[in-house]
$ cat upload.cif   # mmCIF, C-alpha atoms
data_run
loop_
_atom_site.label_atom_id
_atom_site.label_comp_id
_atom_site.auth_asym_id
_atom_site.auth_seq_id
_atom_site.Cartn_x
_atom_site.Cartn_y
_atom_site.Cartn_z
CA MET A 789 97.47 65.14 111.27
CA LYS A 790 100.29 66.66 109.22
CA PRO A 791 101.22 70.33 108.66
CA ALA A 792 100.86 72.03 105.29
CA THR A 793 103.83 71.90 102.94
CA ILE A 794 104.61 73.41 99.55
CA GLU A 795 103.45 70.14 98.00
CA THR A 796 100.10 69.91 99.85
CA THR A 797 99.37 73.57 99.16
CA LYS A 798 100.08 73.05 95.48
CA LYS A 799 97.66 70.10 95.42
CA TYR A 800 95.01 72.20 97.16
CA TYR A 801 95.13 74.93 94.54
CA GLU A 802 95.24 72.45 91.67
CA THR A 803 91.84 70.94 92.45
CA ASP A 804 89.31 71.29 89.62
CA LYS A 805 87.18 73.50 91.86
CA ASN A 806 89.97 76.00 92.46
CA ILE A 807 91.14 76.06 88.85
CA ALA A 808 87.58 76.88 87.79
CA HIS A 809 87.20 79.48 90.56
CA TYR A 810 90.39 81.37 89.73
CA GLY A 811 89.92 80.93 86.00
CA GLU A 812 86.47 82.51 86.20
CA ALA A 813 87.93 85.44 88.16
CA ILE A 814 89.89 86.68 85.12
CA GLU A 815 86.67 88.09 83.66
CA LYS A 816 84.25 88.11 86.60
CA VAL A 817 86.57 89.87 89.06
CA GLY A 818 89.27 91.40 86.89
CA LEU A 819 91.60 93.90 88.54
CA TRP A 820 90.41 95.31 91.83
CA GLU A 821 90.02 99.09 91.78
CA SER A 822 92.63 99.27 94.56
CA GLU A 823 95.01 97.20 92.45
CA LYS A 824 94.57 99.56 89.50
CA ILE A 825 95.27 102.56 91.72
CA MET A 826 98.36 101.09 93.35
CA PHE A 827 99.80 99.60 90.17
CA GLU A 828 99.28 102.76 88.15
CA LYS A 829 100.85 104.79 90.95
CA HIS A 830 104.01 102.70 91.19
CA ILE A 831 104.44 100.88 87.85
CA ASP A 832 105.23 102.47 84.49
CA LYS A 833 103.81 100.91 81.32
CA SER A 834 107.35 100.33 80.05
CA ASP A 835 108.52 98.48 83.19
CA ARG A 836 109.59 94.85 83.06
CA ILE A 837 107.17 93.19 85.50
CA LEU A 838 107.23 89.81 87.23
CA ASP A 839 103.79 88.68 88.43
CA LEU A 840 104.61 86.09 91.09
CA GLY A 841 101.94 83.60 92.13
CA CYS A 842 99.96 84.62 89.07
CA GLY A 843 97.65 81.59 89.27
CA THR A 844 95.43 81.42 86.20
CA GLY A 845 96.50 84.95 85.24
CA ARG A 846 93.88 87.29 86.67
CA THR A 847 96.34 90.12 87.33
CA THR A 848 98.77 89.27 84.53
CA ILE A 849 96.14 89.21 81.79
CA ASN A 850 94.21 92.24 83.01
CA LEU A 851 97.37 94.31 83.44
CA PHE A 852 98.32 93.35 79.88
CA ARG A 853 94.90 94.53 78.71
CA ILE A 854 95.47 98.03 80.07
CA GLY A 855 98.93 98.43 78.56
CA TYR A 856 101.40 96.66 80.85
CA THR A 857 102.64 94.43 78.07
CA ASN A 858 106.18 93.74 79.34
CA ILE A 859 104.95 91.27 81.95
CA LEU A 860 105.74 87.68 82.86
CA GLY A 861 103.36 85.50 84.87
CA PHE A 862 105.02 82.95 87.17
CA ASP A 863 103.44 80.26 89.33
CA LEU A 864 104.29 76.98 91.07
CA SER A 865 101.31 75.19 89.56
CA GLU A 866 101.69 73.62 86.13
CA LYS A 867 97.90 73.45 85.85
CA PHE A 868 97.45 77.15 86.58
CA ILE A 869 100.15 78.07 84.06
CA GLU A 870 98.61 75.78 81.45
CA PHE A 871 95.24 77.48 81.98
CA ALA A 872 96.80 80.96 81.70
CA LYS A 873 98.68 80.05 78.53
CA ASN A 874 95.58 78.56 76.89
CA TYR A 875 93.47 81.57 77.86
CA SER A 876 96.04 84.01 76.50
CA HIS A 877 96.43 82.03 73.28
CA LYS A 878 92.66 81.99 72.80
CA HIS A 879 92.55 85.79 73.11
CA ASN A 880 95.75 86.41 71.12
CA PHE A 881 97.56 87.95 74.10
CA ALA A 882 101.35 87.87 73.73
CA ILE A 883 102.02 87.13 77.39
CA GLU A 884 104.82 84.95 78.70
CA PHE A 885 103.92 82.50 81.46
CA MET A 886 106.38 80.26 83.28
CA GLN A 887 106.07 77.50 85.86
CA GLY A 888 108.60 77.41 88.65
CA ASP A 889 109.42 77.73 92.33
CA GLY A 890 109.48 81.23 93.81
CA ARG A 891 112.13 80.11 96.29
CA ARG A 892 114.54 79.60 93.39
CA LEU A 893 113.66 82.05 90.64
CA PRO A 894 115.27 81.20 87.27
CA PHE A 895 116.25 84.79 86.55
CA GLU A 896 119.48 86.73 86.78
CA ASP A 897 120.08 89.38 89.42
CA ASN A 898 118.53 92.79 88.68
CA SER A 899 116.19 91.45 85.97
CA PHE A 900 112.92 93.27 86.74
CA ASP A 901 111.78 96.82 87.36
CA LYS A 902 108.77 95.71 89.39
CA VAL A 903 107.55 92.52 91.05
CA ILE A 904 103.99 91.96 92.24
CA PHE A 905 102.44 89.22 94.37
CA SER A 906 98.69 89.78 94.53
CA PHE A 907 95.71 88.45 96.51
CA ASN A 908 97.65 87.80 99.73
CA GLY A 909 99.48 85.00 97.91
CA LEU A 910 102.82 85.53 99.65
CA MET A 911 101.20 84.64 102.98
CA CYS A 912 99.66 81.49 101.48
CA ILE A 913 103.14 79.98 101.24
CA PRO A 914 103.49 77.49 104.11
CA GLU A 915 106.37 77.77 106.59
CA GLN A 916 108.18 80.97 107.46
CA LYS A 917 111.45 79.75 105.96
CA ASN A 918 109.78 79.43 102.55
CA ARG A 919 108.27 82.92 102.70
CA ASP A 920 111.70 84.27 103.68
CA MET A 921 113.29 82.52 100.69
CA VAL A 922 110.75 84.00 98.27
CA LEU A 923 111.24 87.51 99.68
CA ALA A 924 115.02 87.18 99.32
CA GLU A 925 114.63 86.01 95.72
CA VAL A 926 112.35 88.95 94.91
CA TYR A 927 114.99 91.29 96.29
CA ARG A 928 117.68 89.58 94.20
CA VAL A 929 115.86 89.76 90.85
CA LEU A 930 114.73 93.37 91.26
CA LYS A 931 116.84 96.16 89.83
CA ILE A 932 118.23 98.80 92.19
CA GLY A 933 115.34 101.18 92.82
CA GLY A 934 112.85 98.51 91.77
CA LYS A 935 109.66 98.01 93.74
CA PHE A 936 107.86 94.99 95.13
CA ILE A 937 104.08 95.37 95.56
CA PHE A 938 102.28 92.68 97.54
CA THR A 939 99.22 92.23 99.71
CA ALA A 940 98.67 90.51 103.04
CA HIS A 941 95.82 90.17 105.52
CA ASN A 942 95.91 92.38 108.61
CA ARG A 943 94.46 90.53 111.60
CA ASP A 944 94.21 93.78 113.60
CA TYR A 945 91.86 95.38 111.06
CA GLY A 946 88.13 95.24 111.81
CA ASP A 947 86.12 93.43 114.47
CA LYS A 948 84.90 90.41 112.52
CA TYR A 949 87.67 88.06 113.66
CA ALA A 950 88.85 89.92 116.77
CA ARG A 951 87.40 87.34 119.18
CA PHE A 952 88.88 84.46 117.17
CA TRP A 953 92.41 85.89 117.40
CA ILE A 954 92.09 86.57 121.13
CA GLU A 955 91.06 82.98 121.66
CA GLU A 956 93.71 81.70 119.26
CA LYS A 957 96.42 83.58 121.20
CA GLU A 958 95.17 81.92 124.39
CA ARG A 959 95.46 78.52 122.70
CA TRP A 960 99.06 79.22 121.65
CA ASP A 961 99.95 80.50 125.12
CA SER A 962 98.55 77.34 126.69
CA GLY A 963 100.02 74.99 124.06
CA THR A 964 96.62 73.75 122.88
CA GLN A 965 96.78 75.14 119.34
CA ASP A 966 96.34 72.97 116.24
CA SER A 967 99.52 70.89 116.07
CA ARG A 968 99.67 71.30 112.29
CA LEU A 969 100.36 75.03 112.61
CA GLU A 970 103.92 76.35 112.68
CA LYS A 971 103.42 79.74 114.32
CA PHE A 972 100.76 82.08 115.70
CA GLY A 973 98.87 83.62 112.80
CA ASP A 974 98.74 80.41 110.76
CA THR A 975 95.26 79.13 110.04
CA ASN A 976 94.15 76.07 108.12
CA PHE A 977 92.01 77.00 105.15
CA PRO A 978 89.51 75.57 104.53
CA LYS A 979 89.17 74.04 107.98
CA ASP A 980 87.98 70.64 106.73
CA THR A 981 90.74 70.12 104.13
CA PRO A 982 92.33 66.64 104.37
CA ASP A 983 96.04 66.37 105.13
CA GLU A 984 97.05 65.43 101.59
CA ILE A 985 95.86 68.84 100.32
CA GLN A 986 96.46 70.82 103.49
CA ASN A 987 96.62 74.58 102.95
CA ILE A 988 97.45 77.41 105.32
CA VAL A 989 97.16 81.19 105.26
CA HIS A 990 99.48 83.13 107.55
CA ILE A 991 97.50 86.09 108.86
CA THR A 992 99.75 88.58 110.58
CA ASN A 993 99.57 92.30 111.35
CA ILE A 994 101.44 95.49 110.45
CA ASP A 995 104.28 94.84 112.88
CA GLY A 996 104.59 91.26 111.64
CA ILE A 997 104.99 92.38 108.03
CA LYS A 998 107.52 95.03 109.05
CA GLU A 999 109.57 92.34 110.80
CA PHE A 1000 109.30 90.16 107.70
CA ILE A 1001 110.46 92.95 105.37
CA ALA A 1002 113.32 93.82 107.74
CA LYS A 1003 114.97 90.48 106.89
CA THR A 1004 116.05 92.14 103.64
CA ASN A 1005 117.31 95.60 102.75
CA PHE A 1006 113.96 96.61 101.31
CA LYS A 1007 112.79 100.12 102.16
CA ILE A 1008 109.07 100.50 102.94
CA ILE A 1009 107.54 103.13 100.64
CA GLU A 1010 103.93 102.85 101.79
CA TYR A 1011 101.24 100.52 103.07
CA ALA A 1012 97.47 100.91 103.23
CA VAL A 1013 94.45 98.77 103.97
CA ARG A 1014 92.31 98.22 100.90
CA PRO A 1015 89.18 100.17 101.96
CA ASP A 1016 91.36 103.25 102.43
CA ILE A 1017 92.48 102.99 98.80
CA ALA A 1018 89.16 102.26 97.07
CA ASP A 1019 85.58 101.20 97.71
CA GLU A 1020 85.46 97.90 95.84
CA ASN A 1021 82.36 96.53 94.14
CA ASP A 1022 80.42 93.65 95.65
CA ILE A 1023 82.03 91.06 93.35
CA VAL A 1024 85.52 91.96 94.58
CA LYS A 1025 84.35 92.09 98.20
CA ASP A 1026 82.84 88.64 97.85
CA PHE A 1027 86.04 87.36 96.24
CA SER A 1028 88.42 88.64 98.90
CA SER A 1029 88.62 89.96 102.45
CA CYS A 1030 88.56 93.70 103.17
CA SER A 1031 91.44 93.28 105.65
CA THR A 1032 93.84 93.03 102.72
CA THR A 1033 96.68 95.50 103.09
CA PHE A 1034 98.85 96.71 100.20
CA TRP A 1035 102.59 97.00 100.76
CA VAL A 1036 105.07 98.79 98.50
CA VAL A 1037 108.77 98.28 99.19
CA GLU A 1038 111.84 99.38 97.24
CA LYS A 1039 115.27 97.83 96.67
#

$ encode --input "upload.cif" --output "structure tokens"
Amino acid sequence: MKPATIETTKKYYETDKNIAHYGEAIEKVGLWESEKIMFEKHIDKSDRILDLGCGTGRTTINLFRIGYTNILGFDLSEKFIEFAKNYSHKHNFAIEFMQGDGRRLPFEDNSFDKVIFSFNGLMCIPEQKNRDMVLAEVYRVLKIGGKFIFTAHNRDYGDKYARFWIEEKERWDSGTQDSRLEKFGDTNFPKDTPDEIQNIVHITNIDGIKEFIAKTNFKIIEYAVRPDIADENDIVKDFSSCSTTFWVVEK
């Protein structure tokens, strides 16, 4: 068994099933109510926005629809970007999409007013060193005073998985954890995924995210678990976990 890498994660998301799933979400899910609230609170319509990990364009396209027209969607997957471009062309949306690696953003320093990374995508990047590289790049391309808005699971929120994490900590303490995992908080998703398309989600907690942010000079503006921001409809709840926590940090 082999651990997840950038390459295996990319292959996982580029399956026909996932392209269809995330493509359908543009219309079926749209922007979460909590996303609308947080974006409208912290992003001006005139801001230059980088939508990292945009996938098929759910957030990029729906932000464009409500007036955030100075936005660029960016993703590692050529197939996701191709889908987003075709969708935008079909609907006559003048949105720029670009394929590339978030660890090496092809933009000059201080290029964007705001950067977003939605749907817990930052924590779907395998290996801590890669997440650190992306965070450093976000800091670099943001203007002074610019904000980075992202979401991440909070494993301390709610009781649904409390027993799992207690038992998982015991496995790590005894050295009997899944050998494919790099650090406590990593979980293979889905569990039965073969090695060649291995995917992980790193599920941490509030202190873990604070430690992550502290690797840069970002200042934490606010953070809040999604149910405290808005009561989402059933479609959004089915699409994503309620343990999602929004983070807003400033350069």

$ resolve_selection --input "upload.cif" --expression "the PyMOL selection byres ((chain A and resi 822) around 9)" --output "PyMOL selection string"
chain A and resi 819-821+823-827+1014-1020+1034

$ residues_around --input "upload.cif" --residues "Asn987 in chain A" --least-positions-apart "4" --cutoff "12 Å" --atoms "all atoms listed in the file" --output "VMD selection string"
chain A and resid 790 to 802 909 911 to 915 968 to 969 974 to 983

$ residues_around --input "upload.cif" --residues "range 863-867 of chain A" --least-positions-apart "4" --cutoff "12 Å" --atoms "all atoms listed in the file" --output "count of residues only"
45

$ atom_distance --input "upload.cif" --atom1 "CA of Asp966 in chain A" --atom2 "CA of Trp1035 in chain A"
29.3 Å

$ resolve_selection --input "upload.cif" --expression "the PyMOL selection byres ((chain A and resi 925) around 10)" --output "list in words"
Gly890, Arg891, Arg892, Leu893, Pro894, Phe895, Asp897, Arg919, Asp920, Met921, Val922, Leu923, Ala924, Val926, Tyr927, Arg928, Val929 and Leu930 of chain A

$ closest_residue --input "upload.cif" --among "A:Val1037, A:Ile883, A:Ala950, A:Leu851" --to "Asn1005 in chain A" --atoms "all atoms listed in the file"
A:Val1037

$ closest_residue --input "upload.cif" --among "A:Lys931, A:Lys1039, A:Arg846, A:Arg959" --to "Val817 in chain A" --atoms "only C-alpha atoms"
A:Arg846

$ closest_residue --input "upload.cif" --among "A:Asp995, A:Glu870, A:Asp1022, A:Glu1038" --to "Asn942 in chain A" --atoms "only C-alpha atoms"
A:Asp995

$ residues_around --input "upload.cif" --residues "Gly996 in chain A" --least-positions-apart "2" --cutoff "12 Å" --atoms "all atoms listed in the file" --output "list in words"
Met911, Gln916, Ala940, His941, Asn942, Arg943, Asp944, Lys971, Phe972, Gly973, His990, Ile991, Thr992, Asn993, Ile994, Lys998, Glu999, Phe1000, Ile1001, Ala1002 and Lys1003 of chain A

$ closest_residue --input "upload.cif" --among "A:Lys829, A:Lys917, A:Lys1007, A:Lys878" --to "Ile932 in chain A" --atoms "all atoms listed in the file"
A:Lys1007

$ atom_distance --input "upload.cif" --atom1 "CA of Ile849 in chain A" --atom2 "CA of Ser1029 in chain A"
22.0 Å

$ atom_distance --input "upload.cif" --atom1 "CA of Thr1032 in chain A" --atom2 "CA of Glu958 in chain A"
24.4 Å

$ closest_residue --input "upload.cif" --among "A:Ala813, A:Ile997, A:Ile831, A:Ile1008" --to "Phe907 in chain A" --atoms "all atoms listed in the file"
A:Ala813

$ decode --input "upload.cif" --residues "range 865-876 of chain A" --atoms "all heavy atoms" --output "compact mmCIF listing (two decimals), in the first residue's frame"
# COMPACT_ATOMS: atom_id res chain seq x y z
N SER A 865 -6.19 20.32 -11.93
CA SER A 865 -6.73 19.37 -12.90
C SER A 865 -7.05 20.02 -14.24
O SER A 865 -7.88 20.93 -14.33
CB SER A 865 -8.01 18.73 -12.35
OG SER A 865 -8.70 18.03 -13.35
N GLU A 866 -6.42 19.51 -15.29
CA GLU A 866 -6.73 19.99 -16.64
C GLU A 866 -8.18 19.69 -16.99
O GLU A 866 -8.85 20.50 -17.66
CB GLU A 866 -5.81 19.32 -17.67
CG GLU A 866 -4.35 19.69 -17.55
CD GLU A 866 -3.57 18.73 -16.67
OE1 GLU A 866 -4.20 17.96 -15.91
OE2 GLU A 866 -2.32 18.73 -16.75
N LYS A 867 -8.68 18.54 -16.55
CA LYS A 867 -10.05 18.15 -16.88
C LYS A 867 -11.08 19.04 -16.20
O LYS A 867 -12.10 19.39 -16.79
CB LYS A 867 -10.27 16.68 -16.52
CG LYS A 867 -9.49 15.71 -17.38
CD LYS A 867 -9.82 14.26 -17.04
CE LYS A 867 -9.05 13.30 -17.93
NZ LYS A 867 -9.36 11.88 -17.62
N PHE A 868 -10.82 19.41 -14.96
CA PHE A 868 -11.72 20.33 -14.26
C PHE A 868 -11.72 21.69 -14.95
O PHE A 868 -12.77 22.31 -15.15
CB PHE A 868 -11.30 20.49 -12.80
CG PHE A 868 -11.86 19.45 -11.87
CD1 PHE A 868 -11.49 19.42 -10.53
CD2 PHE A 868 -12.74 18.49 -12.32
CE1 PHE A 868 -12.00 18.48 -9.66
CE2 PHE A 868 -13.26 17.53 -11.46
CZ PHE A 868 -12.88 17.53 -10.13
N ILE A 869 -10.53 22.18 -15.28
CA ILE A 869 -10.43 23.49 -15.93
C ILE A 869 -11.09 23.47 -17.30
O ILE A 869 -11.78 24.43 -17.70
CB ILE A 869 -8.96 23.94 -16.03
CG1 ILE A 869 -8.41 24.25 -14.64
CG2 ILE A 869 -8.82 25.14 -16.95
CD1 ILE A 869 -9.12 25.36 -13.90
N GLU A 870 -10.92 22.39 -18.03
CA GLU A 870 -11.59 22.27 -19.33
C GLU A 870 -13.10 22.31 -19.17
O GLU A 870 -13.80 22.98 -19.94
CB GLU A 870 -11.18 20.96 -20.00
CG GLU A 870 -11.80 20.76 -21.38
CD GLU A 870 -11.43 19.43 -22.02
OE1 GLU A 870 -10.82 18.59 -21.34
OE2 GLU A 870 -11.77 19.23 -23.20
N PHE A 871 -13.62 21.61 -18.16
CA PHE A 871 -15.06 21.63 -17.90
C PHE A 871 -15.52 23.06 -17.58
O PHE A 871 -16.52 23.53 -18.12
CB PHE A 871 -15.39 20.70 -16.73
CG PHE A 871 -16.86 20.53 -16.47
CD1 PHE A 871 -17.52 19.39 -16.89
CD2 PHE A 871 -17.60 21.51 -15.81
CE1 PHE A 871 -18.88 19.21 -16.67
CE2 PHE A 871 -18.97 21.35 -15.59
CZ PHE A 871 -19.61 20.20 -16.03
N ALA A 872 -14.79 23.73 -16.70
CA ALA A 872 -15.17 25.09 -16.29
C ALA A 872 -15.15 26.06 -17.47
O ALA A 872 -16.05 26.90 -17.63
CB ALA A 872 -14.23 25.58 -15.19
N LYS A 873 -14.13 25.95 -18.31
CA LYS A 873 -14.05 26.81 -19.48
C LYS A 873 -15.21 26.56 -20.43
O LYS A 873 -15.84 27.52 -20.94
CB LYS A 873 -12.72 26.57 -20.21
CG LYS A 873 -11.51 27.17 -19.53
CD LYS A 873 -10.25 26.90 -20.36
CE LYS A 873 -9.03 27.59 -19.78
NZ LYS A 873 -7.81 27.32 -20.57
N ASN A 874 -15.52 25.30 -20.69
CA ASN A 874 -16.62 24.96 -21.60
C ASN A 874 -17.96 25.44 -21.05
O ASN A 874 -18.80 25.95 -21.80
CB ASN A 874 -16.66 23.46 -21.85
CG ASN A 874 -15.49 22.97 -22.70
OD1 ASN A 874 -14.88 23.74 -23.41
ND2 ASN A 874 -15.18 21.68 -22.61
N TYR A 875 -18.14 25.27 -19.75
CA TYR A 875 -19.40 25.71 -19.11
C TYR A 875 -19.54 27.23 -19.23
O TYR A 875 -20.62 27.74 -19.55
CB TYR A 875 -19.40 25.28 -17.65
CG TYR A 875 -20.73 25.45 -16.96
CD1 TYR A 875 -21.62 24.40 -16.84
CD2 TYR A 875 -21.09 26.69 -16.42
CE1 TYR A 875 -22.84 24.56 -16.20
CE2 TYR A 875 -22.31 26.86 -15.79
CZ TYR A 875 -23.18 25.80 -15.69
OH TYR A 875 -24.38 25.97 -15.06
N SER A 876 -18.46 27.93 -18.93
CA SER A 876 -18.50 29.40 -18.99
C SER A 876 -18.73 29.89 -20.42
O SER A 876 -19.49 30.85 -20.64
CB SER A 876 -17.19 29.97 -18.44
OG SER A 876 -17.07 29.68 -17.07
